[in-house]
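Reproduced below: input_3.cif, with mmCIF, C-alpha atoms (C1' of nucleotides).
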data_data
loop_
_atom_site.label_atom_id
_atom_site.label_comp_id
_atom_site.auth_asym_id
_atom_site.auth_seq_id
_atom_site.Cartn_x
_atom_site.Cartn_y
_atom_site.Cartn_z
CA MET A 368 0.00 0.00 0.00
CA THR A 369 1.53 3.31 -1.08
CA ARG A 370 1.72 6.16 1.39
CA LYS A 371 -1.01 7.93 -0.56
CA GLU A 372 -3.31 4.96 -0.11
CA GLN A 373 -2.47 4.82 3.59
CA VAL A 374 -3.38 8.46 3.98
CA ARG A 375 -6.66 8.00 2.14
CA LYS A 376 -7.55 4.89 4.09
CA LYS A 377 -6.96 6.55 7.44
CA ALA A 378 -8.86 9.63 6.31
CA ILE A 379 -11.89 7.53 5.36
CA GLU A 380 -11.70 5.59 8.59
CA LEU A 381 -11.74 8.83 10.60
CA MET A 382 -14.38 10.44 8.41
CA LYS A 383 -16.70 7.55 9.19
CA PHE A 384 -16.62 8.45 12.87
CA HIS A 385 -16.25 12.22 12.87
CA GLY A 386 -18.01 13.13 9.65
CA PHE A 387 -16.41 15.14 6.87
CA SER A 388 -16.31 18.42 8.79
CA GLY A 389 -15.34 16.70 12.01
CA LEU A 390 -12.23 15.28 10.41
CA THR A 391 -9.57 18.01 10.45
CA MET A 392 -6.29 17.73 8.62
CA ARG A 393 -4.53 18.16 11.95
CA LEU A 394 -6.41 15.21 13.43
CA LEU A 395 -5.67 13.10 10.39
CA ALA A 396 -2.00 14.07 10.60
CA LYS A 397 -1.83 13.19 14.28
CA GLU A 398 -3.31 9.77 13.60
CA LEU A 399 -0.73 9.23 10.86
CA GLY A 400 2.07 10.42 13.13
CA ILE A 401 3.02 13.35 10.89
CA GLU A 402 2.32 17.07 10.60
CA ALA A 403 -0.75 18.46 8.84
CA ALA A 404 1.24 20.11 6.09
CA SER A 405 2.94 16.83 5.21
CA ILE A 406 -0.37 15.37 4.13
CA TYR A 407 -0.27 17.61 1.10
CA ASN A 408 2.69 15.69 -0.28
CA HIS A 409 0.22 12.87 -0.93
CA ILE A 410 -3.19 14.38 -1.58
CA LYS A 411 -4.33 17.53 -3.30
CA SER A 412 -7.03 18.62 -0.87
CA LYS A 413 -9.48 17.43 1.72
CA ASP A 414 -12.30 17.68 -0.80
CA GLU A 415 -10.41 15.42 -3.17
CA ILE A 416 -10.51 12.57 -0.66
CA LEU A 417 -14.28 12.76 -0.41
CA GLU A 418 -14.67 13.09 -4.15
CA THR A 419 -12.56 10.01 -4.77
CA VAL A 420 -14.55 7.92 -2.32
CA CYS A 421 -17.91 9.02 -3.66
CA PHE A 422 -17.17 8.76 -7.37
CA ASP A 423 -15.20 5.52 -7.19
CA LEU A 424 -18.13 3.82 -5.53
CA ALA A 425 -20.67 5.50 -7.78
CA LYS A 426 -18.77 4.11 -10.73
CA GLU A 427 -18.93 0.60 -9.30
CA PHE A 428 -22.68 0.78 -8.82
CA GLU A 429 -23.06 2.18 -12.32
CA LEU A 430 -21.11 -0.69 -13.87
CA ALA A 431 -22.93 -3.27 -11.76
CA VAL A 432 -26.37 -2.31 -12.97
CA LEU A 433 -25.13 -2.15 -16.56
CA GLU A 434 -23.80 -5.67 -16.32
CA VAL A 435 -26.92 -7.02 -14.66
CA ASN A 436 -29.09 -5.51 -17.36
CA ASP A 437 -26.84 -7.00 -20.02
CA ILE A 438 -26.84 -10.53 -18.68
CA TYR A 439 -30.28 -11.10 -17.22
CA PHE A 440 -33.65 -10.61 -18.80
CA ASN A 441 -36.47 -11.06 -16.34
CA ALA A 442 -37.07 -8.82 -13.38
CA THR A 443 -36.67 -11.37 -10.60
CA GLU A 444 -33.28 -12.45 -11.89
CA LYS A 445 -32.18 -8.88 -12.46
CA LEU A 446 -33.27 -7.96 -8.94
CA GLN A 447 -31.50 -10.86 -7.32
CA MET A 448 -28.28 -10.21 -9.17
CA LEU A 449 -28.38 -6.50 -8.51
CA VAL A 450 -28.93 -7.04 -4.79
CA THR A 451 -25.93 -9.36 -4.76
CA ALA A 452 -23.72 -6.96 -6.69
CA HIS A 453 -24.83 -4.03 -4.55
CA VAL A 454 -24.11 -5.78 -1.28
CA ARG A 455 -20.75 -7.03 -2.55
CA ILE A 456 -19.71 -3.49 -3.38
CA LEU A 457 -20.86 -2.20 0.01
CA CYS A 458 -19.04 -4.91 1.94
CA ALA A 459 -15.81 -4.71 -0.04
CA ASP A 460 -14.88 -1.53 1.84
CA LEU A 461 -17.27 -0.78 4.66
CA ASP A 462 -15.57 2.43 5.75
CA ALA A 463 -15.70 3.86 2.26
CA SER A 464 -19.31 2.74 1.82
CA THR A 465 -20.33 4.40 5.05
CA VAL A 466 -18.67 7.65 4.07
CA PHE A 467 -20.29 7.38 0.65
CA MET A 468 -23.71 7.10 2.27
CA HIS A 469 -23.40 9.84 4.85
CA GLU A 470 -20.96 12.45 3.62
CA TRP A 471 -21.77 13.07 -0.04
CA ARG A 472 -23.66 16.18 1.06
CA TYR A 473 -20.33 17.79 1.78
CA LEU A 474 -19.05 17.42 -1.78
CA PRO A 475 -18.18 20.76 -3.42
CA GLU A 476 -21.15 22.20 -5.29
CA ALA A 477 -20.15 21.00 -8.77
CA SER A 478 -19.29 17.47 -7.66
CA ARG A 479 -22.43 17.25 -5.59
CA VAL A 480 -24.62 18.06 -8.54
CA SER A 481 -22.99 15.42 -10.69
CA PHE A 482 -23.11 12.91 -7.83
CA ILE A 483 -26.82 13.42 -7.36
CA GLU A 484 -27.30 12.93 -11.08
CA LYS A 485 -25.45 9.62 -10.96
CA ARG A 486 -27.52 8.46 -8.03
CA ARG A 487 -30.67 9.49 -9.86
CA ASN A 488 -29.62 7.34 -12.79
CA TYR A 489 -28.96 4.36 -10.58
CA GLU A 490 -32.34 4.74 -8.93
CA HIS A 491 -33.94 5.05 -12.33
CA GLU A 492 -32.39 1.78 -13.51
CA ILE A 493 -33.72 -0.04 -10.48
CA ARG A 494 -37.08 1.58 -10.93
CA THR A 495 -37.16 0.24 -14.46
CA ILE A 496 -36.45 -3.25 -13.18
CA ILE A 497 -39.29 -3.02 -10.68
CA GLN A 498 -41.63 -1.72 -13.36
CA LEU A 499 -40.59 -4.67 -15.55
CA GLY A 500 -41.47 -7.02 -12.70
CA ILE A 501 -44.89 -5.42 -12.44
CA ASP A 502 -45.43 -5.63 -16.20
CA GLU A 503 -44.40 -9.29 -16.20
CA GLY A 504 -46.99 -9.87 -13.48
CA ASP A 505 -44.51 -11.04 -10.90
CA PHE A 506 -44.46 -7.94 -8.69
CA ASP A 507 -47.29 -6.27 -6.87
CA GLU A 508 -48.52 -3.07 -8.42
CA ILE A 509 -46.88 -0.52 -6.19
CA ASP A 510 -45.63 3.02 -6.64
CA THR A 511 -42.17 2.41 -8.08
CA LYS A 512 -40.86 5.80 -7.04
CA TYR A 513 -41.07 5.19 -3.33
CA ALA A 514 -40.43 1.47 -3.70
CA VAL A 515 -36.96 2.04 -5.09
CA ILE A 516 -35.95 4.38 -2.29
CA THR A 517 -37.38 2.09 0.35
CA LEU A 518 -35.59 -0.86 -1.22
CA LEU A 519 -32.28 0.94 -1.52
CA SER A 520 -32.47 2.19 2.06
CA ALA A 521 -33.00 -1.34 3.29
CA LEU A 522 -30.02 -2.50 1.23
CA ASN A 523 -27.74 0.34 2.25
CA ALA A 524 -28.45 -0.28 5.90
CA VAL A 525 -25.97 -3.11 5.50
CA VAL A 526 -23.17 -0.66 6.21
CA GLU A 527 -24.71 0.00 9.63
CA TRP A 528 -24.75 -3.57 10.86
CA TYR A 529 -22.50 -5.78 8.76
CA ASN A 530 -19.51 -7.12 10.63
CA PRO A 531 -16.78 -8.47 8.32
CA HIS A 532 -15.47 -10.58 11.18
CA GLY A 533 -18.90 -12.10 11.85
CA PRO A 534 -20.17 -15.41 10.46
CA LEU A 535 -21.91 -14.05 7.35
CA GLN A 536 -20.22 -13.70 3.98
CA PRO A 537 -21.38 -10.78 1.81
CA ASP A 538 -23.19 -13.16 -0.54
CA GLU A 539 -25.06 -14.70 2.36
CA VAL A 540 -26.12 -11.23 3.43
CA ALA A 541 -27.27 -10.60 -0.12
CA ASP A 542 -29.30 -13.82 -0.11
CA ARG A 543 -31.10 -12.86 3.07
CA LEU A 544 -31.78 -9.36 1.85
CA TYR A 545 -33.06 -10.58 -1.49
CA ASN A 546 -35.33 -12.94 0.38
CA PHE A 547 -36.61 -10.06 2.51
CA ILE A 548 -37.03 -7.57 -0.31
CA GLY A 549 -38.21 -10.15 -2.80
CA LYS A 550 -41.05 -11.23 -0.53
CA ALA A 551 -42.03 -7.61 -0.04
CA LEU A 552 -42.17 -6.93 -3.76
CA MET A 553 -43.54 -10.17 -5.18
CA LYS A 554 -47.14 -10.75 -6.02
CA ASN A 555 -46.57 -14.47 -6.37
CA LEU A 556 -47.02 -15.71 -2.83
CA GLU A 557 -45.36 -19.03 -3.50
CA PHE A 558 -42.14 -17.05 -3.73
CA ARG A 559 -39.26 -18.83 -2.09
CA VAL A 560 -35.60 -19.11 -3.02
CA MET B 917 -44.84 31.36 16.54
CA THR B 918 -42.38 33.06 18.89
CA ARG B 919 -39.17 34.49 17.50
CA LYS B 920 -37.29 31.67 19.19
CA GLU B 921 -39.37 29.12 17.33
CA GLN B 922 -38.84 30.98 14.07
CA VAL B 923 -35.09 30.89 14.58
CA ARG B 924 -35.13 27.19 15.37
CA LYS B 925 -37.35 26.38 12.43
CA LYS B 926 -35.15 28.23 9.97
CA ALA B 927 -32.05 26.65 11.49
CA ILE B 928 -33.45 23.16 11.02
CA GLU B 929 -34.55 23.95 7.49
CA LEU B 930 -31.03 25.10 6.60
CA MET B 931 -29.39 22.25 8.47
CA LYS B 932 -31.31 19.82 6.33
CA PHE B 933 -29.60 21.16 3.22
CA HIS B 934 -26.16 22.17 4.44
CA GLY B 935 -25.63 19.71 7.25
CA PHE B 936 -24.81 20.73 10.81
CA SER B 937 -21.31 21.97 10.06
CA GLY B 938 -22.38 23.56 6.81
CA LEU B 939 -24.90 25.73 8.59
CA THR B 940 -23.03 28.72 10.01
CA MET B 941 -24.55 31.20 12.38
CA ARG B 942 -23.83 33.93 9.85
CA LEU B 943 -25.75 32.07 7.15
CA LEU B 944 -28.63 31.47 9.53
CA ALA B 945 -28.61 35.15 10.48
CA LYS B 946 -28.62 36.24 6.86
CA GLU B 947 -31.61 34.04 6.11
CA LEU B 948 -33.40 35.55 9.07
CA GLY B 949 -32.48 39.06 8.00
CA ILE B 950 -30.49 39.81 11.14
CA GLU B 951 -26.90 39.73 12.37
CA ALA B 952 -25.24 36.57 13.69
CA ALA B 953 -24.84 37.93 17.19
CA SER B 954 -28.56 38.65 17.42
CA ILE B 955 -29.36 34.96 17.22
CA TYR B 956 -27.98 34.57 20.72
CA ASN B 957 -30.86 36.59 22.10
CA HIS B 958 -33.02 33.59 21.29
CA ILE B 959 -30.92 30.47 21.56
CA LYS B 960 -28.07 29.43 23.81
CA SER B 961 -25.81 27.81 21.25
CA LYS B 962 -25.67 26.05 17.92
CA ASP B 963 -25.31 22.71 19.65
CA GLU B 964 -28.46 23.37 21.62
CA ILE B 965 -30.52 23.52 18.42
CA LEU B 966 -29.32 20.10 17.33
CA GLU B 967 -29.81 18.66 20.80
CA THR B 968 -33.38 19.90 20.95
CA VAL B 969 -34.24 18.42 17.56
CA CYS B 970 -32.69 15.06 18.32
CA PHE B 971 -34.01 14.57 21.83
CA ASP B 972 -37.50 15.92 21.16
CA LEU B 973 -37.96 13.37 18.39
CA ALA B 974 -36.27 10.60 20.36
CA LYS B 975 -38.79 11.24 23.13
CA GLU B 976 -41.67 10.90 20.69
CA PHE B 977 -40.44 7.57 19.39
CA GLU B 978 -39.89 6.41 22.95
CA LEU B 979 -43.43 7.24 23.97
CA ALA B 980 -44.90 5.74 20.81
CA VAL B 981 -43.41 2.31 21.36
CA LEU B 982 -44.45 2.41 25.02
CA GLU B 983 -48.03 3.12 24.05
CA VAL B 984 -48.10 0.47 21.34
CA ASN B 985 -46.81 -2.13 23.76
CA ASP B 986 -49.41 -1.08 26.32
CA ILE B 987 -52.39 -1.29 24.01
CA TYR B 988 -51.69 -4.17 21.63
CA PHE B 989 -50.75 -7.71 22.43
CA ASN B 990 -49.88 -9.67 19.33
CA ALA B 991 -46.91 -8.95 17.14
CA THR B 992 -48.72 -8.17 13.89
CA GLU B 993 -50.89 -5.57 15.58
CA LYS B 994 -47.97 -4.11 17.46
CA LEU B 995 -45.98 -3.89 14.25
CA GLN B 996 -48.75 -2.25 12.28
CA MET B 997 -49.41 0.32 14.97
CA LEU B 998 -45.75 1.07 15.48
CA VAL B 999 -45.20 1.61 11.76
CA THR B 1000 -48.13 4.01 11.76
CA ALA B 1001 -46.90 5.90 14.80
CA HIS B 1002 -43.36 6.03 13.47
CA VAL B 1003 -44.41 7.40 10.09
CA ARG B 1004 -46.72 9.93 11.72
CA ILE B 1005 -43.87 11.28 13.80
CA LEU B 1006 -41.57 11.46 10.79
CA CYS B 1007 -44.09 13.27 8.64
CA ALA B 1008 -45.21 15.72 11.31
CA ASP B 1009 -42.01 17.72 10.79
CA LEU B 1010 -40.01 16.46 7.82
CA ASP B 1011 -37.19 18.96 8.22
CA ALA B 1012 -36.66 18.02 11.84
CA SER B 1013 -36.89 14.32 11.02
CA THR B 1014 -34.28 14.63 8.29
CA VAL B 1015 -31.89 16.46 10.60
CA PHE B 1016 -32.59 13.86 13.28
CA MET B 1017 -31.58 11.10 10.85
CA HIS B 1018 -28.46 12.66 9.40
CA GLU B 1019 -26.93 15.02 11.91
CA TRP B 1020 -27.04 13.28 15.28
CA ARG B 1021 -23.38 12.37 14.76
CA TYR B 1022 -22.52 15.99 15.39
CA LEU B 1023 -24.07 16.05 18.87
CA PRO B 1024 -21.56 16.94 21.58
CA GLU B 1025 -19.92 13.84 23.04
CA ALA B 1026 -22.14 13.52 26.13
CA SER B 1027 -25.39 14.04 24.24
CA ARG B 1028 -24.30 11.70 21.50
CA VAL B 1029 -23.71 8.88 23.94
CA SER B 1030 -27.11 9.30 25.50
CA PHE B 1031 -28.73 9.61 22.07
CA ILE B 1032 -27.20 6.36 20.88
CA GLU B 1033 -28.44 4.70 24.05
CA LYS B 1034 -31.98 5.90 23.40
CA ARG B 1035 -31.83 4.64 19.82
CA ARG B 1036 -30.50 1.31 21.05
CA ASN B 1037 -33.50 1.04 23.36
CA TYR B 1038 -35.93 1.79 20.58
CA GLU B 1039 -34.33 -0.81 18.34
CA HIS B 1040 -34.45 -3.28 21.19
CA GLU B 1041 -38.18 -2.77 21.65
CA ILE B 1042 -38.82 -3.40 17.98
CA ARG B 1043 -36.56 -6.41 18.07
CA THR B 1044 -38.66 -7.79 20.89
CA ILE B 1045 -41.80 -7.34 18.82
CA ILE B 1046 -40.26 -9.21 15.88
CA GLN B 1047 -39.11 -11.99 18.17
CA LEU B 1048 -42.65 -12.19 19.54
CA GLY B 1049 -43.94 -12.55 15.98
CA ILE B 1050 -41.53 -15.40 15.39
CA ASP B 1051 -42.49 -17.09 18.64
CA GLU B 1052 -46.17 -16.75 17.78
CA GLY B 1053 -45.42 -18.46 14.48
CA ASP B 1054 -46.50 -15.52 12.33
CA PHE B 1055 -43.06 -14.28 11.27
CA ASP B 1056 -40.34 -16.07 9.41
CA GLU B 1057 -37.40 -17.13 11.53
CA ILE B 1058 -34.87 -14.47 10.66
CA ASP B 1059 -32.01 -12.84 12.47
CA THR B 1060 -33.82 -10.15 14.46
CA LYS B 1061 -30.71 -8.01 14.86
CA TYR B 1062 -30.33 -7.18 11.21
CA ALA B 1063 -34.06 -7.34 10.56
CA VAL B 1064 -34.76 -4.43 12.86
CA ILE B 1065 -32.13 -2.21 11.26
CA THR B 1066 -33.26 -3.13 7.77
CA LEU B 1067 -36.85 -2.47 8.75
CA LEU B 1068 -36.08 0.86 10.39
CA SER B 1069 -34.00 2.00 7.44
CA ALA B 1070 -36.86 1.25 5.08
CA LEU B 1071 -39.20 3.22 7.35
CA ASN B 1072 -36.87 6.15 7.84
CA ALA B 1073 -36.39 6.50 4.11
CA VAL B 1074 -39.77 8.20 4.22
CA VAL B 1075 -38.03 11.46 5.01
CA GLU B 1076 -36.18 11.19 1.68
CA TRP B 1077 -39.22 10.92 -0.55
CA TYR B 1078 -42.38 11.98 1.26
CA ASN B 1079 -43.93 15.12 -0.13
CA PRO B 1080 -46.44 16.74 2.25
CA HIS B 1081 -48.07 18.48 -0.71
CA GLY B 1082 -48.46 15.21 -2.62
CA PRO B 1083 -51.56 13.02 -2.69
CA LEU B 1084 -50.62 10.67 0.17
CA GLN B 1085 -51.54 11.29 3.79
CA PRO B 1086 -49.03 10.03 6.40
CA ASP B 1087 -51.37 7.22 7.40
CA GLU B 1088 -51.62 6.07 3.79
CA VAL B 1089 -47.84 6.02 3.61
CA ALA B 1090 -47.82 3.96 6.78
CA ASP B 1091 -50.31 1.51 5.30
CA ARG B 1092 -48.18 0.97 2.22
CA LEU B 1093 -45.03 0.58 4.26
CA TYR B 1094 -46.67 -1.86 6.63
CA ASN B 1095 -47.83 -3.81 3.62
CA PHE B 1096 -44.30 -3.87 2.25
CA ILE B 1097 -42.55 -4.68 5.52
CA GLY B 1098 -45.28 -7.00 6.71
CA LYS B 1099 -45.01 -9.17 3.60
CA ALA B 1100 -41.26 -9.29 4.02
CA LEU B 1101 -41.50 -10.44 7.62
CA MET B 1102 -44.54 -12.71 7.57
CA LYS B 1103 -44.39 -16.44 7.27
CA ASN B 1104 -48.11 -16.61 6.53
CA LEU B 1105 -48.26 -16.18 2.80
CA GLU B 1106 -51.97 -15.39 2.81
CA PHE B 1107 -51.01 -12.10 4.43
CA ARG B 1108 -52.98 -9.20 3.05
CA VAL B 1109 -54.41 -6.10 4.68
"C1'" DT C 809 -39.85 50.84 33.55
"C1'" DG C 810 -38.82 46.76 31.56
"C1'" DC C 811 -38.70 43.43 28.11
"C1'" DA C 812 -37.85 41.85 23.40
"C1'" DT C 813 -35.04 42.43 19.74
"C1'" DA C 814 -31.68 44.12 17.27
"C1'" DC C 815 -27.01 46.25 16.52
"C1'" DT C 816 -21.50 46.96 16.20
"C1'" DA C 817 -17.16 45.40 17.39
"C1'" DA C 818 -14.31 42.16 18.58
"C1'" DC C 819 -11.99 37.86 20.34
"C1'" DA C 820 -9.80 33.50 20.55
"C1'" DA C 821 -9.57 29.40 18.35
"C1'" DG C 822 -9.48 26.58 14.61
"C1'" DC C 823 -9.60 25.82 9.73
"C1'" DG C 824 -7.40 24.28 5.02
"C1'" DT C 825 -3.61 25.27 2.70
"C1'" DT C 826 1.01 27.19 0.78
"C1'" DA C 827 5.96 28.26 0.74
"C1'" DG C 828 10.28 26.94 1.48
"C1'" DT C 829 13.40 23.62 3.26
"C1'" DT C 830 15.66 19.24 4.67
"C1'" DA C 831 16.79 14.66 5.15
"C1'" DG C 832 16.94 9.85 3.16
"C1'" DT C 833 16.47 6.66 -0.66
"C1'" DT C 834 16.80 5.07 -5.44
"C1'" DG C 835 18.82 4.44 -9.94
"C1'" DA C 836 21.50 5.64 -13.55
"C1'" DT C 837 26.01 7.62 -15.13
"C1'" DT C 838 30.65 8.37 -14.64
"C1'" DA D 1072 32.88 2.03 -6.53
"C1'" DA D 1073 31.84 6.85 -6.45
"C1'" DT D 1074 28.96 10.63 -7.95
"C1'" DC D 1075 24.98 13.06 -8.98
"C1'" DA D 1076 20.13 13.93 -10.01
"C1'" DA D 1077 15.50 12.87 -8.98
"C1'" DC D 1078 12.08 11.47 -6.04
"C1'" DT D 1079 9.70 10.58 -1.61
"C1'" DA D 1080 8.31 12.12 2.57
"C1'" DA D 1081 8.78 14.71 6.18
"C1'" DC D 1082 9.49 19.34 8.60
"C1'" DT D 1083 8.66 24.58 10.43
"C1'" DA D 1084 6.34 28.72 9.90
"C1'" DA D 1085 2.87 31.19 8.59
"C1'" DC D 1086 -1.14 33.17 5.93
"C1'" DG D 1087 -5.77 34.47 5.32
"C1'" DC D 1088 -10.09 33.26 6.46
"C1'" DT D 1089 -14.07 31.47 9.06
"C1'" DT D 1090 -15.93 29.83 13.10
"C1'" DG D 1091 -19.03 30.21 17.41
"C1'" DT D 1092 -19.56 33.32 20.75
"C1'" DT D 1093 -19.44 37.50 24.16
"C1'" DA D 1094 -19.73 42.34 25.69
"C1'" DG D 1095 -21.80 46.35 25.55
"C1'" DT D 1096 -25.29 49.25 23.62
"C1'" DA D 1097 -29.40 51.10 21.18
"C1'" DT D 1098 -34.38 51.10 19.80
"C1'" DG D 1099 -39.18 50.53 20.16
"C1'" DC D 1100 -43.25 48.57 22.19
"C1'" DA D 1101 -46.06 46.95 26.65
#

Once more with this new file: its structure as structure tokens, please.
Amino acid sequence: MTRKEQVRKKAIELMKFHGFSGLTMRLLAKELGIEAASIYNHIKSKDEILETVCFDLAKEFELAVLEVNDIYFNATEKLQMLVTAHVRILCADLDASTVFMHEWRYLPEASRVSFIEKRRNYEHEIRTIIQLGIDEGDFDEIDTKYAVITLLSALNAVVEWYNPHGPLQPDEVADRLYNFIGKALMKNLEFRV
Amino acid sequence: MTRKEQVRKKAIELMKFHGFSGLTMRLLAKELGIEAASIYNHIKSKDEILETVCFDLAKEFELAVLEVNDIYFNATEKLQMLVTAHVRILCADLDASTVFMHEWRYLPEASRVSFIEKRRNYEHEIRTIIQLGIDEGDFDEIDTKYAVITLLSALNAVVEWYNPHGPLQPDEVADRLYNFIGKALMKNLEFRV
DNA sequence: TGCATACTAACAAGCGTTAGTTAGTTGATT
DNA sequence: AATCAACTAACTAACGCTTGTTAGTATGCA
């Protein structure tokens, strides 16, 4: 791990606890055992750290939904695979995922706008999947707009409780969540995995 | 509405958009059409605003679950009534609820500890209800620890999408969410409201 | 008279960041 | 093997700005 990566990792770890504004460069420096000014040998600015976290993860979600839509054709399959991909991404770096969820509001104006746009797109893709499920007759006829936010919130809550050192693997978490969310969405009451 | 209430209301409204740290007393003052120093004629400190929001709402949730447990005896009823009460509280003041969800991390150390404890209690009460549902044979046998967080996250997402000027009344939102969550939890596949 | 509400001026602390410098290491050239 | 340039990673010192907040004062209404 390069020094730059070490700095970023520690920054994200601290940001998770203190929030973006609560993490000062002097605190970060102290935790790294160096002076605040030295941090700038490795990163361009405090904002840059947050931007990297947010857009790296956004990119992963973007690619995931693209792939799912490419490979699978019916809504139940799409949903199951997307839940799995989503949870895998979240669990791959829990600190980063937590910061992604909570701190994007503190992105600089321009980045924030583009971030919100990306999130809107992701939500739209999922909404389309749900609508497909309704059209295919598999899902209950619900309001897709609030369904997608409810669904995503349930998924994203993973970052609040998942313990990488616990017994569950990310894919097992995904299975349970798909079970939970699937039952909630499905019309077909014989639904079982 | 007293001047004090006006100040608090505007503060919460701005906090929702800018976050706790992003809301400066000078910005708040500007929005109120006064000088920053004048704010201190009405409130004690910036922290105090956040503390009031967080603990007022925490108290409401606390009382709601107490009442539900007093009045209803089986898990499905308890769950339905708690969902309704929870959503009502959220929708009663969306700005405050949003701040409550996102900004509690910025509470001063002592308050934050006691806030987390209160939240832990609330989660524990809901967990007990879910466990009751499992014991009664109505709910699927799931891990109650992650179920309660998943469930609460789905509920709390209301603050992200609910539009008070839209067609849905809070109780209608609660109905739909209970439907969604109920189906996810229930073993009984004939479940319908 | 007293209370509510506002003001100006200022303070101390903390913020992110820059400039300029100094060691230590690496890798190629002499 | 010795030399030199380039790079990495740290330092001290400081700048300019913003922060929450206080002190002291003025104005207008009950």

I need the residue set behind the PyMOL selection byres ((chain A and resi 452-468) around 9) for this file; please write it as a ChimeraX atom specification. /A:376,379-383,386-387,417,420-422,424-425,427-428,431-432,435,447-451,469-471,522-523,525-527,529-531,537-538,540-541

Produce a file of the selected residues containing C-alpha atoms, as an mmCIF file, in the coordinates of the input.
data_model
loop_
_atom_site.group_PDB
_atom_site.id
_atom_site.type_symbol
_atom_site.label_atom_id
_atom_site.label_comp_id
_atom_site.auth_asym_id
_atom_site.auth_seq_id
_atom_site.Cartn_x
_atom_site.Cartn_y
_atom_site.Cartn_z
ATOM 1 C CA LYS A 376 -7.550 4.890 4.090
ATOM 2 C CA ILE A 379 -11.890 7.530 5.360
ATOM 3 C CA GLU A 380 -11.700 5.590 8.590
ATOM 4 C CA LEU A 381 -11.740 8.830 10.600
ATOM 5 C CA MET A 382 -14.380 10.440 8.410
ATOM 6 C CA LYS A 383 -16.700 7.550 9.190
ATOM 7 C CA GLY A 386 -18.010 13.130 9.650
ATOM 8 C CA PHE A 387 -16.410 15.140 6.870
ATOM 9 C CA LEU A 417 -14.280 12.760 -0.410
ATOM 10 C CA VAL A 420 -14.550 7.920 -2.320
ATOM 11 C CA CYS A 421 -17.910 9.020 -3.660
ATOM 12 C CA PHE A 422 -17.170 8.760 -7.370
ATOM 13 C CA LEU A 424 -18.130 3.820 -5.530
ATOM 14 C CA ALA A 425 -20.670 5.500 -7.780
ATOM 15 C CA GLU A 427 -18.930 0.600 -9.300
ATOM 16 C CA PHE A 428 -22.680 0.780 -8.820
ATOM 17 C CA ALA A 431 -22.930 -3.270 -11.760
ATOM 18 C CA VAL A 432 -26.370 -2.310 -12.970
ATOM 19 C CA VAL A 435 -26.920 -7.020 -14.660
ATOM 20 C CA GLN A 447 -31.500 -10.860 -7.320
ATOM 21 C CA MET A 448 -28.280 -10.210 -9.170
ATOM 22 C CA LEU A 449 -28.380 -6.500 -8.510
ATOM 23 C CA VAL A 450 -28.930 -7.040 -4.790
ATOM 24 C CA THR A 451 -25.930 -9.360 -4.760
ATOM 25 C CA HIS A 469 -23.400 9.840 4.850
ATOM 26 C CA GLU A 470 -20.960 12.450 3.620
ATOM 27 C CA TRP A 471 -21.770 13.070 -0.040
ATOM 28 C CA LEU A 522 -30.020 -2.500 1.230
ATOM 29 C CA ASN A 523 -27.740 0.340 2.250
ATOM 30 C CA VAL A 525 -25.970 -3.110 5.500
ATOM 31 C CA VAL A 526 -23.170 -0.660 6.210
ATOM 32 C CA GLU A 527 -24.710 0.000 9.630
ATOM 33 C CA TYR A 529 -22.500 -5.780 8.760
ATOM 34 C CA ASN A 530 -19.510 -7.120 10.630
ATOM 35 C CA PRO A 531 -16.780 -8.470 8.320
ATOM 36 C CA PRO A 537 -21.380 -10.780 1.810
ATOM 37 C CA ASP A 538 -23.190 -13.160 -0.540
ATOM 38 C CA VAL A 540 -26.120 -11.230 3.430
ATOM 39 C CA ALA A 541 -27.270 -10.600 -0.120
#

CA of Phe506 (chain A) to CA of Arg494 (chain A): how many Å, to one decimal?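 These two atoms are separated by 12.3 Å.
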
Go through D:DA1073, D:DA1085, D:DC1100, D:DC1078 one by one, measure the shortest atom-to-atom distance of each to DC811 (chain C) using all atoms listed in the file, and give the residue with the smallest value.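 Using all atoms listed in the file, DC811 (chain C) sits closest to D:DC1100.
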
If the PyMOL selection byres ((chain B) within 9 of (chain C)) is run on the structure shown, which residues does it catch, given as number ranges by chain? B: 950-951, 953-954, 957

What residues in chain B have any atom no more than 9 Å from chain A when counting all atoms listed in the file, and can you write them as a ChimeraX atom specification? /B:933-935,937-938,1018,1021-1022,1058,1061-1063,1065-1074,1076-1078,1092-1093,1095-1102,1105-1106

Starting from the PyMOL selection byres ((chain A and resi 372) around 12), expand the selection into actual residues of this file and give them as a PyMOL selection string. chain A and resi 368-371+373-379+406+409-410+416+419-420

Go through chain D residue by residue and, counting only C-alpha atoms (C1' of nucleotides), keep those with an atom at most 10 Å from chain A; for each kept residue give the shortest atom pair and its distance in Å to one decimal, ordered by chain and increasing number, as JSON lines.
{"residue": "D:DT1079", "atom": "C1'", "partner": "A:Asn408", "partner_atom": "CA", "distance": 8.8}
{"residue": "D:DA1080", "atom": "C1'", "partner": "A:Asn408", "partner_atom": "CA", "distance": 7.2}
{"residue": "D:DA1081", "atom": "C1'", "partner": "A:Ser405", "partner_atom": "CA", "distance": 6.3}
{"residue": "D:DC1082", "atom": "C1'", "partner": "A:Glu402", "partner_atom": "CA", "distance": 7.8}
{"residue": "D:DT1083", "atom": "C1'", "partner": "A:Ala404", "partner_atom": "CA", "distance": 9.7}

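We find CA of Val515 (chain A) and CA of Ile493 (chain A) to be spaced 6.6 Å apart.
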
Just checking: using all atoms listed in the file, which residue out of B:Tyr1038, B:Lys962, B:Tyr988, B:Leu982 ends up closest to Leu944 (chain B)?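 Going through B:Tyr1038, B:Lys962, B:Tyr988, B:Leu982 one by one, the smallest distance to Leu944 (chain B) is for B:Lys962.
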